file protein26.cif (mmCIF, C-alpha atoms)
data_protein
#
loop_
_atom_site.label_atom_id
_atom_site.label_comp_id
_atom_site.auth_asym_id
_atom_site.auth_seq_id
_atom_site.Cartn_x
_atom_site.Cartn_y
_atom_site.Cartn_z
CA MET U 268 -4.12 -9.27 4.96
CA VAL U 269 -6.29 -6.71 6.74
CA ALA U 270 -3.44 -4.20 7.14
CA THR U 271 -2.40 -4.65 3.51
CA GLY U 272 -6.02 -4.23 2.40
CA LEU U 273 -6.41 -1.03 4.39
CA ILE U 274 -3.29 0.47 2.84
CA ALA U 275 -4.31 -0.68 -0.66
CA GLY U 276 -7.66 1.02 -0.03
CA ALA U 277 -5.97 4.24 1.04
CA PHE U 278 -3.89 4.33 -2.13
CA TYR U 279 -6.97 3.40 -4.19
CA ILE U 280 -9.10 6.19 -2.76
CA PHE U 281 -6.36 8.70 -3.55
CA ALA U 282 -6.22 7.39 -7.13
CA CYS U 283 -9.94 7.42 -7.84
CA ALA U 284 -11.29 10.23 -5.65
CA VAL U 285 -8.88 12.48 -3.75
CA MET U 286 -6.50 13.39 -6.56
CA PRO U 287 -9.22 13.76 -9.25
CA ALA U 288 -11.12 16.07 -6.86
CA LEU U 289 -7.99 18.10 -6.13
CA ALA U 290 -7.27 18.33 -9.87
CA ARG U 291 -10.32 20.61 -10.04
CA SER U 292 -8.77 23.02 -7.52
CA ASP U 293 -6.66 26.06 -8.21
CA ASP U 294 -2.93 25.79 -7.53
CA ARG U 295 -3.02 27.42 -4.09
CA VAL U 296 -5.81 25.17 -2.80
CA PHE U 297 -4.16 22.08 -4.30
CA VAL U 298 -0.84 22.77 -2.58
CA GLU U 299 -2.47 23.71 0.75
CA VAL U 300 -4.66 20.59 0.85
CA MET U 301 -1.80 18.25 -0.10
CA ARG U 302 0.38 19.86 2.57
CA ASP U 303 -2.42 19.32 5.10
CA ILE U 304 -2.83 15.69 4.02
CA ASN U 305 0.92 15.15 4.30
CA ASP U 306 0.86 16.51 7.85
CA VAL U 307 -2.24 14.63 8.97
CA ILE U 308 -1.35 11.25 7.47
CA GLN U 309 1.80 11.07 9.55
CA ASN U 310 0.02 9.60 12.54
CA PRO U 311 0.40 6.38 14.55
CA VAL U 312 -2.70 4.71 13.10
CA PHE U 313 -1.62 5.14 9.48
CA LEU U 314 2.00 4.29 10.22
CA LEU U 315 0.95 1.15 12.08
CA GLY U 316 -0.93 -0.08 9.02
CA PHE U 317 1.70 1.10 6.52
CA LEU U 318 4.62 -0.52 8.34
CA GLY U 319 2.54 -3.32 9.87
CA ALA U 320 1.42 -4.59 6.48
CA LEU U 321 5.02 -5.20 5.47
CA VAL U 322 6.13 -6.64 8.80
CA LEU U 323 3.11 -8.88 9.29
CA THR U 324 3.25 -10.21 5.74
CA GLY U 325 6.95 -10.94 6.20
CA VAL U 326 6.27 -12.75 9.48
CA SER U 327 3.53 -14.77 7.77
CA ALA U 328 5.88 -15.74 4.96
CA TRP U 329 8.47 -16.88 7.50
CA GLN U 330 5.94 -18.87 9.51
CA LEU U 331 4.61 -20.64 6.42
CA ARG U 332 7.96 -21.83 5.12
CA GLY U 333 7.58 -25.38 3.89
CA GLU U 334 3.86 -24.98 3.14
CA PRO U 335 2.83 -25.40 -0.51
CA TYR U 336 0.99 -22.04 -0.61
CA ARG U 337 3.89 -20.09 0.91
CA TRP U 338 4.84 -18.72 -2.51
CA TRP U 339 1.64 -16.67 -2.55
CA VAL U 340 2.71 -15.02 0.70
CA TRP U 341 6.21 -14.42 -0.63
CA ALA U 342 4.66 -12.86 -3.75
CA ALA U 343 2.63 -10.61 -1.44
CA VAL U 344 5.80 -9.62 0.42
CA ALA U 345 7.45 -8.75 -2.89
CA ALA U 346 4.46 -6.79 -4.21
CA TYR U 347 3.85 -4.84 -1.02
CA GLY U 348 7.59 -4.40 -0.52
CA LEU U 349 7.74 -2.73 -3.94
CA ALA U 350 4.75 -0.53 -3.05
CA PHE U 351 6.53 0.41 0.17
CA LEU U 352 9.70 1.27 -1.77
CA VAL U 353 7.74 3.33 -4.31
CA THR U 354 6.28 5.32 -1.42
CA VAL U 355 9.66 5.89 0.21
CA ALA U 356 11.59 6.56 -3.00
CA PHE U 357 9.04 8.64 -4.92
CA ASN U 358 5.88 9.73 -3.10
CA ILE U 359 7.49 10.88 0.14
CA PRO U 360 10.21 12.95 -1.59
CA LEU U 361 7.50 14.55 -3.73
CA ASN U 362 5.50 15.26 -0.56
CA ASN U 363 8.59 16.83 1.01
CA GLY U 364 9.04 19.00 -2.07
CA LEU U 365 5.62 20.52 -1.46
CA ALA U 366 6.86 21.81 1.90
CA ASP U 367 9.20 24.17 0.06
CA THR U 368 8.22 27.77 -0.32
CA GLY U 369 7.55 28.87 -3.82
CA ALA U 370 4.83 29.68 -6.25
CA PRO U 371 1.94 27.23 -5.88
CA ALA U 372 1.78 26.78 -9.67
CA ALA U 373 5.44 25.75 -9.84
CA LEU U 374 5.13 23.42 -6.83
CA ARG U 375 2.05 21.78 -8.31
CA GLU U 376 3.68 21.43 -11.72
CA GLU U 377 6.58 19.44 -10.23
CA PHE U 378 4.34 17.41 -7.91
CA GLU U 379 0.97 16.43 -9.34
CA ASP U 380 1.59 14.22 -12.38
CA PRO U 381 4.50 12.22 -10.96
CA TRP U 382 2.80 11.77 -7.57
CA VAL U 383 -0.44 10.58 -9.17
CA ALA U 384 1.45 8.14 -11.44
CA TRP U 385 3.50 6.67 -8.57
CA ASN U 386 0.39 6.45 -6.41
CA VAL U 387 -1.31 4.33 -9.08
CA VAL U 388 1.75 2.06 -9.15
CA ARG U 389 1.66 1.56 -5.40
CA ALA U 390 -2.13 1.10 -5.42
CA VAL U 391 -1.81 -1.67 -8.02
CA LEU U 392 1.11 -3.32 -6.22
CA SER U 393 -0.60 -3.30 -2.83
CA THR U 394 -3.81 -4.63 -4.40
CA VAL U 395 -1.80 -7.44 -5.98
CA ALA U 396 -0.40 -8.16 -2.51
CA VAL U 397 -3.94 -8.42 -1.09
CA GLY U 398 -4.89 -10.81 -3.89
CA CYS U 399 -1.84 -12.97 -3.21
CA LEU U 400 -2.63 -13.08 0.50
CA GLY U 401 -6.21 -14.05 -0.31
CA ARG U 402 -4.95 -16.87 -2.50
CA ALA U 403 -2.66 -18.04 0.30
CA LEU U 404 -5.64 -18.09 2.67
CA VAL U 405 -7.52 -20.29 0.22
CA GLY U 406 -4.54 -22.65 0.16
CA TYR U 407 -4.40 -22.63 3.94
CA GLY U 408 -8.09 -23.46 4.15
CA ARG U 409 -7.79 -26.29 1.65
CA ALA U 410 -4.82 -27.73 3.49
CA GLY U 411 -6.78 -27.62 6.75
CA ARG U 412 -9.74 -29.45 5.19
CA ARG U 413 -7.44 -32.09 3.70
CA SER U 414 -5.72 -32.75 7.00
CA ALA U 415 -9.08 -32.98 8.77
CA SER U 416 -10.36 -35.52 6.24
CA LEU U 417 -7.19 -37.58 6.65
CA SER U 418 -7.39 -37.71 10.43
CA PRO U 419 -8.37 -41.07 11.99
CA SER U 420 -11.51 -39.60 13.48
CA GLY U 421 -12.65 -38.46 10.03
CA GLY U 422 -13.02 -34.80 10.93
CA VAL U 423 -12.96 -32.16 13.55
#

call {"tool": "encode", "arguments": {"input": "protein26.cif", "output": "structure tokens"}}
result
Amino acid sequence: MVATGLIAGAFYIFACAVMPALARSDDRVFVEVMRDINDVIQNPVFLLGFLGALVLTGVSAWQLRGEPYRWWVWAAVAAYGLAFLVTVAFNIPLNNGLADTGAPAALREEFEDPWVAWNVVRAVLSTVAVGCLGRALVGYGRAGRRSASLSPSGGV
């Protein structure tokens, strides 16, 4: 849940702060900054969270098979999996397109609106995943309290 929350937060901050701030920039600055972000974000810490969120949520779903709240974790896998696919299918190719040489105005024209739209999609999907994982945790906690109250000793 933490890894998924961190990634949802990264997408969120791009949607509500980074991209609106860059929208105020001229074309050259916009393209240069996005190129710099694309270079810098490819680092082990970000990749660990980005890939780890998917892997860890999948492992959690597998481990909880048979539990009544498992469907919340599977919903999180589906939501974050879609966010992951949006990133790979849309945002990354758009990022790669910015690496091309060309007039900054033309590069920005092809990049900005679609990238912002797909980023909002992945921000919403990853936030849904966090919500689903939170709901699964509530189910896990309730199940733990029920089993403790049913134990012969009457509690922990």

call {"tool": "atom_distance", "arguments": {"input": "protein26.cif", "atom1": "CA of Asp306 (chain U)", "atom2": "CA of Leu273 (chain U)"}}
result
19.3 Å

call {"tool": "residues_around", "arguments": {"input": "protein26.cif", "residues": "region 315-321 of chain U", "least_positions_apart": "2", "cutoff": "10 Å", "atoms": "only C-alpha atoms", "output": "ChimeraX atom specification"}}
result
/U:268-275,277,310-313,323-327,343-348,350-351,393,396

call {"tool": "atom_distance", "arguments": {"input": "protein26.cif", "atom1": "CA of Gly364 (chain U)", "atom2": "CA of Val298 (chain U)"}}
result
10.6 Å

call {"tool": "closest_residue", "arguments": {"input": "protein26.cif", "among": "U:Val388, U:Leu361, U:Leu331, U:Val405", "to": "Glu376 (chain U)", "atoms": "only C-alpha atoms"}}
result
U:Leu361

call {"tool": "residues_around", "arguments": {"input": "protein26.cif", "residues": "Phe281 (chain U)", "least_positions_apart": "3", "cutoff": "12 Å", "atoms": "all atoms listed in the file", "output": "PyMOL selection string"}}
result
chain U and resi 274-278+284-290+301+304+382-390

call {"tool": "atom_distance", "arguments": {"input": "protein26.cif", "atom1": "CA of Pro335 (chain U)", "atom2": "CA of Gly406 (chain U)"}}
result
7.9 Å

call {"tool": "axis_aligned_box", "arguments": {"input": "protein26.cif", "around": "region 397-406 of chain U", "padding_each_side": "3 Å", "output": "JSON"}}
result
{"center_x": -4.7, "center_y": -15.5, "center_z": -0.6, "size_x": 11.7, "size_y": 20.2, "size_z": 12.6}

call {"tool": "resolve_selection", "arguments": {"input": "protein26.cif", "expression": "the PyMOL selection byres ((chain U and resi 334) around 12)", "output": "list of chain:residue names"}}
result
U:Ser327, U:Ala328, U:Trp329, U:Gln330, U:Leu331, U:Arg332, U:Gly333, U:Pro335, U:Tyr336, U:Arg337, U:Trp338, U:Trp339, U:Val340, U:Trp341, U:Ala403, U:Leu404, U:Gly406, U:Tyr407, U:Arg409, U:Ala410, U:Gly411

call {"tool": "closest_residue", "arguments": {"input": "protein26.cif", "among": "U:Phe297, U:Arg302, U:Arg291, U:Leu349", "to": "Asn362 (chain U)", "atoms": "all atoms listed in the file"}}
result
U:Arg302

call {"tool": "resolve_selection", "arguments": {"input": "protein26.cif", "expression": "the PyMOL selection byres ((chain U and resi 367-372) around 10)", "output": "PyMOL selection string"}}
result
chain U and resi 293-299+362-366+373-378
